[in-house]
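Student: Pasting run.cif here (mmCIF, C-alpha atoms):
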```
data_target
#
loop_
_atom_site.group_PDB
_atom_site.id
_atom_site.type_symbol
_atom_site.label_atom_id
_atom_site.label_comp_id
_atom_site.auth_asym_id
_atom_site.auth_seq_id
_atom_site.Cartn_x
_atom_site.Cartn_y
_atom_site.Cartn_z
ATOM 1 C CA MET A 1 0.000 0.000 0.000
ATOM 2 C CA GLU A 2 2.871 2.372 0.809
ATOM 3 C CA ALA A 3 4.359 1.781 -2.651
ATOM 4 C CA ILE A 4 1.055 2.750 -4.254
ATOM 5 C CA ALA A 5 0.834 5.790 -1.997
ATOM 6 C CA ASP A 6 4.357 6.835 -3.002
ATOM 7 C CA LEU A 7 3.192 7.179 -6.624
ATOM 8 C CA GLN A 8 0.167 9.386 -5.953
ATOM 9 C CA PRO A 9 2.185 12.642 -5.891
ATOM 10 C CA LEU A 10 3.139 11.853 -9.521
ATOM 11 C CA MET A 11 -0.502 11.458 -10.589
ATOM 12 C CA ILE A 12 -1.863 14.383 -8.589
ATOM 13 C CA GLY A 13 1.079 16.617 -9.422
ATOM 14 C CA THR A 14 0.762 15.982 -13.162
ATOM 15 C CA THR A 15 -2.979 16.695 -13.008
ATOM 16 C CA LEU A 16 -2.490 19.956 -11.095
ATOM 17 C CA LEU A 17 0.310 21.036 -13.425
ATOM 18 C CA TRP A 18 -1.898 20.505 -16.471
ATOM 19 C CA ALA A 19 -4.815 22.360 -14.861
ATOM 20 C CA GLY A 20 -2.616 25.241 -13.708
ATOM 21 C CA VAL A 21 -0.839 25.733 -17.039
ATOM 22 C CA TRP A 22 -4.213 25.695 -18.807
ATOM 23 C CA LYS A 23 -5.614 28.385 -16.494
ATOM 24 C CA VAL A 24 -2.570 30.653 -16.586
ATOM 25 C CA PHE A 25 -1.330 30.451 -20.173
ATOM 26 C CA VAL A 26 -4.289 29.600 -22.440
ATOM 27 C CA PRO A 27 -6.442 32.653 -23.369
ATOM 28 C CA ARG A 28 -9.508 30.521 -24.108
ATOM 29 C CA ALA A 29 -9.460 29.297 -20.513
ATOM 30 C CA ARG A 30 -10.123 32.820 -19.263
ATOM 31 C CA GLU A 31 -13.007 33.200 -21.705
ATOM 32 C CA ILE A 32 -14.597 30.062 -20.280
ATOM 33 C CA ALA A 33 -13.883 31.229 -16.720
ATOM 34 C CA ALA A 34 -15.943 34.364 -17.354
ATOM 35 C CA ARG A 35 -18.949 32.115 -18.048
ATOM 36 C CA SER A 36 -18.294 29.639 -15.232
ATOM 37 C CA ALA A 37 -19.865 29.650 -11.764
ATOM 38 C CA LEU A 38 -16.818 31.590 -10.594
ATOM 39 C CA SER A 39 -18.400 34.644 -12.212
ATOM 40 C CA LEU A 40 -21.306 34.302 -9.766
ATOM 41 C CA LEU A 41 -18.884 34.800 -6.879
ATOM 42 C CA PHE A 42 -16.899 37.627 -8.470
ATOM 43 C CA ARG A 43 -19.276 39.711 -10.554
ATOM 44 C CA GLN A 44 -16.735 41.695 -12.554
ATOM 45 C CA LYS A 45 -15.263 39.822 -15.516
ATOM 46 C CA SER A 46 -11.726 41.126 -14.905
ATOM 47 C CA THR A 47 -11.851 40.070 -11.244
ATOM 48 C CA THR A 48 -13.147 36.614 -12.156
ATOM 49 C CA GLN A 49 -10.362 36.087 -14.670
ATOM 50 C CA THR A 50 -7.702 37.342 -12.247
ATOM 51 C CA ILE A 51 -8.890 34.983 -9.501
ATOM 52 C CA TYR A 52 -8.992 32.180 -12.062
ATOM 53 C CA ARG A 53 -5.354 32.767 -13.016
ATOM 54 C CA LEU A 54 -4.345 32.958 -9.347
ATOM 55 C CA ILE A 55 -5.938 29.549 -8.803
ATOM 56 C CA GLY A 56 -3.826 28.325 -11.706
ATOM 57 C CA VAL A 57 -0.677 29.728 -10.081
ATOM 58 C CA VAL A 58 -1.520 27.919 -6.837
ATOM 59 C CA GLU A 59 -2.062 24.668 -8.760
ATOM 60 C CA ILE A 60 1.280 25.005 -10.543
ATOM 61 C CA THR A 61 3.067 25.739 -7.260
ATOM 62 C CA VAL A 62 1.571 22.727 -5.472
ATOM 63 C CA ALA A 63 2.245 20.546 -8.531
ATOM 64 C CA LEU A 64 5.937 21.449 -8.541
ATOM 65 C CA LEU A 65 6.166 20.702 -4.823
ATOM 66 C CA LEU A 66 4.722 17.248 -5.502
ATOM 67 C CA LEU A 67 6.788 16.483 -8.593
ATOM 68 C CA LEU A 68 10.187 17.763 -7.445
ATOM 69 C CA PRO A 69 12.285 16.245 -4.636
ATOM 70 C CA PRO A 70 12.351 15.887 -1.746
ATOM 71 C CA HIS A 71 9.212 14.141 -0.476
ATOM 72 C CA LEU A 72 7.612 16.127 2.357
ATOM 73 C CA TRP A 73 4.682 14.748 4.327
ATOM 74 C CA TRP A 74 2.590 17.926 4.165
ATOM 75 C CA GLU A 75 2.676 18.341 0.369
ATOM 76 C CA ILE A 76 0.093 15.695 -0.492
ATOM 77 C CA ARG A 77 -2.052 16.771 2.462
ATOM 78 C CA SER A 78 -2.272 20.277 1.021
ATOM 79 C CA THR A 79 -3.777 18.813 -2.153
ATOM 80 C CA THR A 80 -6.507 17.193 -0.047
ATOM 81 C CA GLY A 81 -7.557 20.688 0.995
ATOM 82 C CA LEU A 82 -7.556 21.840 -2.634
ATOM 83 C CA ALA A 83 -9.593 18.825 -3.737
ATOM 84 C CA THR A 84 -12.142 19.385 -0.967
ATOM 85 C CA ALA A 85 -12.518 23.062 -1.856
ATOM 86 C CA PHE A 86 -12.966 22.124 -5.509
ATOM 87 C CA ILE A 87 -15.774 19.664 -4.707
ATOM 88 C CA VAL A 88 -17.543 22.371 -2.687
ATOM 89 C CA TYR A 89 -17.229 24.712 -5.684
ATOM 90 C CA LEU A 90 -18.673 22.094 -8.049
ATOM 91 C CA PHE A 91 -21.723 21.538 -5.847
ATOM 92 C CA PHE A 92 -22.182 25.309 -5.662
ATOM 93 C CA SER A 93 -22.011 25.486 -9.468
ATOM 94 C CA VAL A 94 -24.602 22.731 -9.918
ATOM 95 C CA LYS A 95 -26.959 24.317 -7.402
ATOM 96 C CA ALA A 96 -26.529 27.950 -8.494
ATOM 97 C CA ASP A 97 -26.607 27.500 -12.287
ATOM 98 C CA PRO A 98 -26.380 23.931 -13.665
ATOM 99 C CA GLY A 99 -25.663 25.041 -17.231
ATOM 100 C CA ARG A 100 -22.369 26.750 -16.518
ATOM 101 C CA PRO A 101 -19.043 25.192 -17.567
ATOM 102 C CA CYS A 102 -16.338 24.054 -15.189
ATOM 103 C CA GLY A 103 -13.356 25.567 -17.025
ATOM 104 C CA CYS A 104 -11.108 23.136 -15.181
ATOM 105 C CA LEU A 105 -8.893 21.297 -17.620
ATOM 106 C CA GLY A 106 -9.541 21.767 -21.315
ATOM 107 C CA GLY A 107 -10.863 23.741 -24.226
ATOM 108 C CA ARG A 108 -14.335 22.264 -24.725
ATOM 109 C CA GLU A 109 -16.962 24.280 -22.914
ATOM 110 C CA VAL A 110 -18.918 21.504 -21.192
ATOM 111 C CA ALA A 111 -21.352 21.956 -18.313
ATOM 112 C CA VAL A 112 -20.527 20.501 -14.895
ATOM 113 C CA SER A 113 -21.893 16.949 -14.830
ATOM 114 C CA TRP A 114 -21.656 13.753 -12.837
ATOM 115 C CA HIS A 115 -18.399 13.046 -14.717
ATOM 116 C CA THR A 116 -16.920 16.195 -13.198
ATOM 117 C CA LEU A 117 -18.116 15.304 -9.696
ATOM 118 C CA VAL A 118 -16.854 11.710 -9.896
ATOM 119 C CA ARG A 119 -13.486 12.943 -11.197
ATOM 120 C CA ALA A 120 -13.196 15.404 -8.312
ATOM 121 C CA GLY A 121 -14.056 12.614 -5.876
ATOM 122 C CA LEU A 122 -11.392 10.406 -7.462
ATOM 123 C CA VAL A 123 -8.776 13.112 -7.003
ATOM 124 C CA LEU A 124 -9.787 13.524 -3.349
ATOM 125 C CA VAL A 125 -9.487 9.773 -2.731
ATOM 126 C CA LEU A 126 -6.062 9.620 -4.398
ATOM 127 C CA THR A 127 -4.772 12.492 -2.255
ATOM 128 C CA VAL A 128 -5.875 10.651 0.895
ATOM 129 C CA VAL A 129 -4.181 7.453 -0.352
ATOM 130 C CA GLY A 130 -1.039 9.521 -0.823
ATOM 131 C CA TRP A 131 -0.919 10.360 2.894
ATOM 132 C CA LYS A 132 0.863 7.050 3.473
ATOM 133 C CA ALA A 133 3.690 7.934 1.073
ATOM 134 C CA GLN A 134 7.137 7.456 2.578
ATOM 135 C CA ASP A 135 9.535 7.943 -0.338
ATOM 136 C CA PHE A 136 9.893 10.337 -3.264
ATOM 137 C CA TRP A 137 7.823 8.984 -6.166
ATOM 138 C CA LEU A 138 10.781 8.618 -8.541
ATOM 139 C CA MET A 139 12.632 6.422 -6.048
ATOM 140 C CA ALA A 140 9.514 4.302 -5.559
ATOM 141 C CA LEU A 141 9.095 3.947 -9.311
ATOM 142 C CA ALA A 142 12.746 2.989 -9.772
ATOM 143 C CA ALA A 143 12.317 0.230 -7.184
ATOM 144 C CA ARG A 144 9.075 -1.058 -8.697
ATOM 145 C CA PRO A 145 8.847 0.121 -12.346
ATOM 146 C CA TRP A 146 5.800 -2.070 -13.024
ATOM 147 C CA TYR A 147 3.786 0.272 -10.773
ATOM 148 C CA LEU A 148 3.843 2.692 -13.688
ATOM 149 C CA ASN A 149 0.970 0.597 -15.048
ATOM 150 C CA LEU A 150 -1.092 1.691 -12.051
ATOM 151 C CA VAL A 151 -0.383 5.364 -12.769
ATOM 152 C CA ALA A 152 -1.336 4.811 -16.420
ATOM 153 C CA ALA A 153 -4.627 3.180 -15.362
ATOM 154 C CA GLU A 154 -5.424 6.090 -13.060
ATOM 155 C CA ALA A 155 -4.613 8.537 -15.850
ATOM 156 C CA LEU A 156 -6.882 6.735 -18.331
ATOM 157 C CA LEU A 157 -9.736 6.748 -15.817
ATOM 158 C CA PHE A 158 -9.168 10.441 -15.189
ATOM 159 C CA ILE A 159 -9.189 11.225 -18.927
ATOM 160 C CA GLY A 160 -12.346 9.152 -19.390
ATOM 161 C CA LEU A 161 -14.073 11.356 -16.793
ATOM 162 C CA SER A 162 -12.937 14.579 -18.506
ATOM 163 C CA PRO A 163 -15.177 15.303 -21.542
ATOM 164 C CA GLU A 164 -13.886 18.868 -21.733
ATOM 165 C CA LEU A 165 -10.333 17.851 -22.638
ATOM 166 C CA ASP A 166 -9.493 19.261 -26.069
ATOM 167 C CA TRP A 167 -6.213 18.055 -27.556
ATOM 168 C CA ALA A 168 -6.502 20.048 -30.776
ATOM 169 C CA TRP A 169 -5.169 23.283 -29.265
ATOM 170 C CA ILE A 170 -1.842 21.554 -28.525
ATOM 171 C CA LYS A 171 -1.358 20.474 -32.131
ATOM 172 C CA SER A 172 -2.454 23.604 -33.938
ATOM 173 C CA PRO A 173 -4.537 26.709 -33.176
ATOM 174 C CA ALA A 174 -6.106 26.356 -36.638
ATOM 175 C CA LEU A 175 -7.157 22.781 -35.888
ATOM 176 C CA ALA A 176 -8.523 23.912 -32.553
ATOM 177 C CA ASP A 177 -10.640 26.610 -34.184
ATOM 178 C CA GLN A 178 -11.990 24.148 -36.740
ATOM 179 C CA ALA A 179 -12.769 21.562 -34.043
ATOM 180 C CA ARG A 180 -14.681 24.119 -32.022
ATOM 181 C CA ALA A 181 -16.609 25.289 -35.067
ATOM 182 C CA GLU A 182 -17.748 21.717 -35.676
ATOM 183 C CA ASP A 183 -18.216 20.599 -32.093
ATOM 184 C CA ASP A 184 -18.350 23.316 -29.440
ATOM 185 C CA CYS A 185 -21.306 25.186 -30.888
ATOM 186 C CA ALA A 186 -23.465 22.101 -30.318
ATOM 187 C CA THR A 187 -22.051 21.095 -26.924
ATOM 188 C CA ALA A 188 -21.053 24.387 -25.290
ATOM 189 C CA ALA A 189 -22.731 25.143 -21.975
ATOM 190 C CA VAL A 190 -24.315 28.556 -22.499
ATOM 191 C CA PRO A 191 -26.096 30.247 -19.558
ATOM 192 C CA LEU A 192 -29.389 31.911 -20.505
ATOM 193 C CA SER A 193 -28.110 35.243 -19.193
ATOM 194 C CA GLU A 194 -25.205 35.117 -21.666
ATOM 195 C CA THR A 195 -27.601 34.369 -24.539
ATOM 196 C CA GLN A 196 -29.854 37.277 -23.595
ATOM 197 C CA GLN A 197 -26.882 39.622 -23.419
ATOM 198 C CA GLN A 198 -25.735 38.547 -26.881
ATOM 199 C CA LEU A 199 -29.285 39.036 -28.163
ATOM 200 C CA ARG A 200 -29.451 42.580 -26.798
ATOM 201 C CA GLU A 201 -26.196 43.401 -28.575
ATOM 202 C CA SER A 202 -27.524 42.273 -31.961
ATOM 203 C CA ALA A 203 -28.819 44.541 -34.711
ATOM 204 C CA SER A 204 -31.918 42.344 -35.117
ATOM 205 C CA PHE A 205 -32.980 42.895 -31.512
ATOM 206 C CA ARG A 206 -32.324 46.634 -31.600
ATOM 207 C CA THR A 207 -34.379 46.941 -34.794
ATOM 208 C CA LEU A 208 -37.345 44.953 -33.477
ATOM 209 C CA SER A 209 -37.292 46.031 -29.831
ATOM 210 C CA GLY A 210 -40.036 48.603 -30.485
ATOM 211 C CA PHE A 211 -42.441 45.814 -31.448
ATOM 212 C CA LEU A 212 -41.824 43.699 -28.330
ATOM 213 C CA LYS A 213 -44.535 43.728 -25.679
ATOM 214 C CA SER A 214 -43.203 41.352 -23.027
ATOM 215 C CA GLU A 215 -40.162 39.917 -21.341
ATOM 216 C CA LEU A 216 -38.883 36.499 -22.423
ATOM 217 C CA LEU A 217 -41.798 34.052 -22.824
ATOM 218 C CA ASP A 218 -40.040 30.857 -23.858
ATOM 219 C CA HIS A 219 -36.665 29.532 -24.964
ATOM 220 C CA TRP A 220 -35.174 26.284 -26.246
ATOM 221 C CA ARG A 221 -32.070 24.962 -27.951
ATOM 222 C CA GLU A 222 -31.511 23.128 -31.224
ATOM 223 C CA GLY A 223 -27.896 22.166 -31.850
ATOM 224 C CA CYS A 224 -25.851 25.311 -32.417
ATOM 225 C CA TRP A 225 -28.809 27.681 -32.000
ATOM 226 C CA LEU A 226 -30.812 29.025 -29.074
ATOM 227 C CA PHE A 227 -34.338 30.262 -29.739
ATOM 228 C CA LEU A 228 -35.981 32.980 -27.613
ATOM 229 C CA CYS A 229 -39.614 34.094 -27.912
ATOM 230 C CA PHE A 230 -41.282 37.391 -26.956
ATOM 231 C CA ALA A 231 -44.837 38.668 -27.291
ATOM 232 C CA ALA A 232 -44.992 41.331 -30.005
ATOM 233 C CA GLU A 233 -47.343 43.554 -31.968
ATOM 234 C CA TYR A 234 -46.736 44.241 -35.651
ATOM 235 C CA LYS A 235 -49.026 46.331 -37.868
ATOM 236 C CA HIS A 236 -51.776 46.122 -35.210
ATOM 237 C CA ARG A 237 -51.598 42.313 -35.179
ATOM 238 C CA LYS A 238 -50.721 40.242 -32.124
ATOM 239 C CA ALA A 239 -47.602 38.256 -32.876
ATOM 240 C CA THR A 240 -44.634 36.375 -31.471
ATOM 241 C CA ALA A 241 -41.066 37.518 -32.078
ATOM 242 C CA VAL A 242 -38.674 34.581 -32.384
ATOM 243 C CA PHE A 243 -34.926 35.208 -32.224
ATOM 244 C CA ALA A 244 -32.318 32.601 -33.214
ATOM 245 C CA VAL A 245 -29.058 33.186 -31.339
ATOM 246 C CA PRO A 246 -25.868 31.203 -32.087
ATOM 247 C CA THR A 247 -24.418 29.393 -29.077
ATOM 248 C CA LEU A 248 -20.948 30.748 -29.828
ATOM 249 C CA ARG A 249 -20.764 34.464 -29.258
ATOM 250 C CA GLN A 250 -21.537 36.018 -32.655
ATOM 251 C CA PRO A 251 -24.157 38.783 -32.264
ATOM 252 C CA HIS A 252 -23.937 39.689 -35.963
ATOM 253 C CA ARG A 253 -25.456 36.288 -36.849
ATOM 254 C CA VAL A 254 -28.621 36.648 -34.748
ATOM 255 C CA ARG A 255 -31.739 35.998 -36.858
ATOM 256 C CA ALA A 256 -35.324 37.034 -36.167
ATOM 257 C CA ALA A 257 -38.873 36.474 -37.333
ATOM 258 C CA ILE A 258 -42.231 37.916 -36.315
ATOM 259 C CA VAL A 259 -45.039 35.359 -36.547
ATOM 260 C CA ASP A 260 -48.758 36.140 -36.487
ATOM 261 C CA GLU A 261 -50.413 34.529 -33.459
ATOM 262 C CA ALA A 262 -53.706 33.904 -35.267
ATOM 263 C CA ASP A 263 -52.607 31.893 -38.275
ATOM 264 C CA GLY A 264 -48.846 31.426 -37.936
ATOM 265 C CA THR A 265 -48.018 33.644 -40.905
ATOM 266 C CA VAL A 266 -44.488 34.992 -40.933
ATOM 267 C CA LEU A 267 -44.936 38.761 -41.011
ATOM 268 C CA LEU A 268 -41.284 39.796 -41.009
ATOM 269 C CA THR A 269 -37.838 38.191 -41.090
ATOM 270 C CA MET A 270 -34.432 39.680 -40.489
ATOM 271 C CA GLY A 271 -31.099 38.353 -41.709
ATOM 272 C CA PRO A 272 -30.352 35.174 -43.686
ATOM 273 C CA SER A 273 -32.438 32.106 -42.923
ATOM 274 C CA ILE A 274 -31.205 29.535 -40.444
ATOM 275 C CA LEU A 275 -30.737 27.108 -43.331
ATOM 276 C CA GLU A 276 -28.483 29.573 -45.143
ATOM 277 C CA SER A 277 -26.538 30.133 -41.951
ATOM 278 C CA LYS A 278 -26.049 26.399 -41.464
ATOM 279 C CA LEU A 279 -24.726 26.135 -45.001
ATOM 280 C CA ASP A 280 -22.298 28.948 -44.142
ATOM 281 C CA ASP A 281 -21.208 26.963 -41.073
ATOM 282 C CA GLN A 282 -20.521 23.881 -43.168
ATOM 283 C CA ALA A 283 -18.560 25.879 -45.739
ATOM 284 C CA THR A 284 -16.455 27.474 -43.007
ATOM 285 C CA ALA A 285 -15.749 24.147 -41.309
ATOM 286 C CA SER A 286 -14.734 22.471 -44.554
ATOM 287 C CA ALA A 287 -12.491 25.323 -45.720
ATOM 288 C CA PRO A 288 -8.700 24.732 -45.572
ATOM 289 C CA ALA A 289 -7.113 25.866 -42.306
ATOM 290 C CA SER A 290 -4.852 28.271 -44.218
ATOM 291 C CA ARG A 291 -7.739 30.391 -45.400
#
```
Show the structure stored in the file as structure tokens.
Tutor:
Amino acid sequence: MEAIADLQPLMIGTTLLWAGVWKVFVPRAREIAARSALSLLFRQKSTTQTIYRLIGVVEITVALLLLLPPHLWWEIRSTTGLATAFIVYLFFSVKADPGRPCGCLGGREVAVSWHTLVRAGLVLVLTVVGWKAQDFWLMALAARPWYLNLVAAEALLFIGLSPELDWAWIKSPALADQARAEDDCATAAVPLSETQQQLRESASFRTLSGFLKSELLDHWREGCWLFLCFAAEYKHRKATAVFAVPTLRQPHRVRAAIVDEADGTVLLTMGPSILESKLDDQATASAPASR
């Protein structure tokens, strides 16, 4: 058991180093942080992103303590505190706004789920196992090199519980952009408040705002689009204004239609149709990365 415990600083340290480097050095991470539950605790975007980077610095510092000699008994115990605090944050996120992303490890903007909670619990358990460590992990691995298989198994389990991991940004920023265009728009966790803000910034909403007669009545999502409905009046006819908002932040692509309540006739449309926009999406995704 002590030999297994000796290897946990390697696993936990590598995980914290990855998470910390992501938070500190990857610009997209800060964009996701601004939409995470952290923004509910620190209302200003700049403050949220600063705190987020500071968390990354702490993770890098603790990771280096774990990965570099010598072995000190208190190092792995400090990660238990971090893991506990992280689990508390995840439960807060789920309770406060379930649709918000974690922004923990990778580039895909995925909402906090049971995968995230189980992964956090796994990390907590591994830190407690590591309390029994006696030797520096490299010495333990040199004495029993076959224990590297255990670390690999833990890593594979960890990766399997991390749907937000996005390897494309390591290979090429162009590949990352293309992957997000094809994938993230359909899977991104987008809080309703963010969608409404994007809608208010659009030309379609500003043009039609004079016809709106209510606050938001209904909303739903279809793939890469979010649909929001408002009561409206157009040419003395009761109607419903339907806005199509892209999940990725692109206010210039917001579409709108005013539909007659009585017979469902479309009285007015603004911008290209959703079909045309989807064709544009496909053309963009299939274009060479050099364009």
Student: Just give me the gap between atom CA of Ile159 of chain A and atom CA of Thr127 of chain A in Å, one decimal is fine.
Tutor: 17.3 Å
Student: Could you work out how far atom CA of Glu233 of chain A lies from atom CA of Ile258 of chain A, giving the answer in Å with one decimal?
Tutor: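 Going from atom CA of Ile258 of chain A over to atom CA of Glu233 of chain A, I get 8.8 Å.
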Student: Return the single residue from A:Leu157, A:Ala244, A:Leu268, A:Arg144 that is closest to His219 of chain A, with distances computed using all atoms listed in the file.
Tutor: A:Ala244
Student: Please write as a PDB file with C-alpha atoms, in the frame of the given file the full residue list that the PyMOL selection byres ((chain A and resi 58-67) around 6) yields on this file.
Tutor:
```pdb
ATOM      1  CA  PRO A   9       2.185  12.642  -5.891  1.00  0.00           C
ATOM      2  CA  LEU A  10       3.139  11.853  -9.521  1.00  0.00           C
ATOM      3  CA  GLY A  13       1.079  16.617  -9.422  1.00  0.00           C
ATOM      4  CA  LEU A  16      -2.490  19.956 -11.095  1.00  0.00           C
ATOM      5  CA  LEU A  17       0.310  21.036 -13.425  1.00  0.00           C
ATOM      6  CA  GLY A  20      -2.616  25.241 -13.708  1.00  0.00           C
ATOM      7  CA  ILE A  55      -5.938  29.549  -8.803  1.00  0.00           C
ATOM      8  CA  GLY A  56      -3.826  28.325 -11.706  1.00  0.00           C
ATOM      9  CA  VAL A  57      -0.677  29.728 -10.081  1.00  0.00           C
ATOM     10  CA  LEU A  68      10.187  17.763  -7.445  1.00  0.00           C
TER      11      LEU A  68
END
```
Student: Taking all atoms of segment 8-11 of chain A that appear in the file, build a box with edges along x, y and z, extend it by 4 Å on every side, and state its centre and edge lengths in Å to one decimal, as JSON.
Tutor:
```
{"center_x": 1.3, "center_y": 11.0, "center_z": -8.2, "size_x": 11.6, "size_y": 11.3, "size_z": 12.7}
```
Student: Translate the PyMOL selection byres ((chain A and resi 47-52) around 12), as applied to the file shown, into an explicit residue set as JSON, numbers by chain.
Tutor: {"A": [19, 20, 21, 22, 23, 24, 25, 26, 27, 28, 29, 30, 31, 32, 33, 34, 35, 36, 37, 38, 39, 40, 41, 42, 43, 44, 45, 46, 53, 54, 55, 56, 57, 58, 59, 102, 103, 104]}
Student: Atom CA of Val259 of chain A and atom CA of Phe230 of chain A, how far apart in Å?
Tutor: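 So the answer is 10.5 Å.
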Student: Hey, what's within 8 Å of segment 71-83 of chain A if we count only C-alpha atoms and toss same-chain stuff fewer than 5 positions away? As a VMD selection string, please?
Tutor: chain A and resid 9 62 65 to 66 120 to 121 123 to 124 127 to 128 130 to 131 133 to 137
Student: Using all atoms listed in the file, can you tell me which of A:Gln250, A:Pro101, A:Val125, A:Phe91 comes closest to Glu201 of chain A?
Tutor: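 Smallest separation from Glu201 of chain A among the options: A:Gln250.
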Student: Taking only C-alpha atoms into account, name the residue in A:Arg119, A:Val112, A:Leu228, A:Phe86 that is nearest to Leu156 of chain A.
Tutor: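 Once distances to Leu156 of chain A are computed over only C-alpha atoms, the minimum belongs to A:Arg119.
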Student: Would you please work out which residue, of A:Pro69, A:Cys185, A:Ala203, A:Leu7, is nearest to Ala143 of chain A when using all atoms listed in the file?
Tutor: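 Among the listed residues, A:Leu7 lies closest to Ala143 of chain A.
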Student: Pick the closest to Glu222 of chain A from A:Leu161, A:Thr247, A:Val254, A:Leu150: which is it, counting all atoms listed in the file?
Tutor: A:Thr247
Student: Care to translate the PyMOL selection byres ((chain A and resi 269) around 10) into actual residues of this file, as a VMD selection string?
Tutor: chain A and resid 204 241 to 243 255 to 259 266 to 268 270 to 273
Student: Around the point (-16.7, 20.2, -10.4), in the coordinates given by the file, pick out the residues reaching within 6 Å, counting all atoms listed in the file, and return them as a list in words.
Tutor: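 Counting all atoms listed in the file, I find these residues within 6 Å of (-16.7, 20.2, -10.4): Ile87, Leu90, Val112, Thr116 and Leu117 of chain A.
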Student: May I ask which of the residues A:Leu199, A:Leu138, A:Leu122, A:Ala189 is the closest one to Glu154 of chain A, counting all atoms listed in the file?
Tutor: A:Leu122
Student: How would segment 67-83 of chain A look with N, CA and C atoms restored, written as a PDB file, in the frame of the given file?
Tutor:
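Below you can see out_26.pdb, which holds the result:
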```
ATOM      1  N   LEU A  67       6.007  17.162  -7.555  1.00  0.00           N
ATOM      2  CA  LEU A  67       6.788  16.483  -8.593  1.00  0.00           C
ATOM      3  C   LEU A  67       8.293  16.568  -8.385  1.00  0.00           C
ATOM      4  N   LEU A  68       8.754  17.576  -7.647  1.00  0.00           N
ATOM      5  CA  LEU A  68      10.187  17.763  -7.445  1.00  0.00           C
ATOM      6  C   LEU A  68      10.603  17.253  -6.063  1.00  0.00           C
ATOM      7  N   PRO A  69      11.821  16.711  -5.949  1.00  0.00           N
ATOM      8  CA  PRO A  69      12.285  16.245  -4.636  1.00  0.00           C
ATOM      9  C   PRO A  69      12.564  17.439  -3.718  1.00  0.00           C
ATOM     10  N   PRO A  70      12.547  17.187  -2.402  1.00  0.00           N
ATOM     11  CA  PRO A  70      12.351  15.887  -1.746  1.00  0.00           C
ATOM     12  C   PRO A  70      10.876  15.634  -1.438  1.00  0.00           C
ATOM     13  N   HIS A  71      10.569  14.443  -0.920  1.00  0.00           N
ATOM     14  CA  HIS A  71       9.212  14.141  -0.476  1.00  0.00           C
ATOM     15  C   HIS A  71       9.001  14.729   0.915  1.00  0.00           C
ATOM     16  N   LEU A  72       7.975  15.545   1.074  1.00  0.00           N
ATOM     17  CA  LEU A  72       7.612  16.127   2.357  1.00  0.00           C
ATOM     18  C   LEU A  72       6.182  15.714   2.696  1.00  0.00           C
ATOM     19  N   TRP A  73       5.964  15.340   3.931  1.00  0.00           N
ATOM     20  CA  TRP A  73       4.682  14.748   4.327  1.00  0.00           C
ATOM     21  C   TRP A  73       3.501  15.683   4.101  1.00  0.00           C
ATOM     22  N   TRP A  74       3.719  16.985   4.208  1.00  0.00           N
ATOM     23  CA  TRP A  74       2.590  17.926   4.165  1.00  0.00           C
ATOM     24  C   TRP A  74       2.157  18.272   2.731  1.00  0.00           C
ATOM     25  N   GLU A  75       2.995  17.944   1.745  1.00  0.00           N
ATOM     26  CA  GLU A  75       2.676  18.341   0.369  1.00  0.00           C
ATOM     27  C   GLU A  75       1.378  17.698  -0.125  1.00  0.00           C
ATOM     28  N   ILE A  76       1.288  16.378  -0.001  1.00  0.00           N
ATOM     29  CA  ILE A  76       0.093  15.695  -0.492  1.00  0.00           C
ATOM     30  C   ILE A  76      -1.133  16.059   0.336  1.00  0.00           C
ATOM     31  N   ARG A  77      -0.933  16.371   1.609  1.00  0.00           N
ATOM     32  CA  ARG A  77      -2.052  16.771   2.462  1.00  0.00           C
ATOM     33  C   ARG A  77      -2.623  18.123   2.028  1.00  0.00           C
ATOM     34  N   SER A  78      -1.770  18.987   1.505  1.00  0.00           N
ATOM     35  CA  SER A  78      -2.272  20.277   1.021  1.00  0.00           C
ATOM     36  C   SER A  78      -3.184  20.089  -0.186  1.00  0.00           C
ATOM     37  N   THR A  79      -2.916  19.060  -0.995  1.00  0.00           N
ATOM     38  CA  THR A  79      -3.777  18.813  -2.153  1.00  0.00           C
ATOM     39  C   THR A  79      -5.144  18.285  -1.730  1.00  0.00           C
ATOM     40  N   THR A  80      -5.213  17.633  -0.563  1.00  0.00           N
ATOM     41  CA  THR A  80      -6.507  17.193  -0.047  1.00  0.00           C
ATOM     42  C   THR A  80      -7.399  18.397   0.227  1.00  0.00           C
ATOM     43  N   GLY A  81      -6.801  19.460   0.774  1.00  0.00           N
ATOM     44  CA  GLY A  81      -7.557  20.688   0.995  1.00  0.00           C
ATOM     45  C   GLY A  81      -8.044  21.295  -0.305  1.00  0.00           C
ATOM     46  N   LEU A  82      -7.160  21.308  -1.327  1.00  0.00           N
ATOM     47  CA  LEU A  82      -7.556  21.840  -2.634  1.00  0.00           C
ATOM     48  C   LEU A  82      -8.689  21.016  -3.237  1.00  0.00           C
ATOM     49  N   ALA A  83      -8.572  19.695  -3.161  1.00  0.00           N
ATOM     50  CA  ALA A  83      -9.593  18.825  -3.737  1.00  0.00           C
ATOM     51  C   ALA A  83     -10.937  19.010  -3.035  1.00  0.00           C
TER      52      ALA A  83
END
```
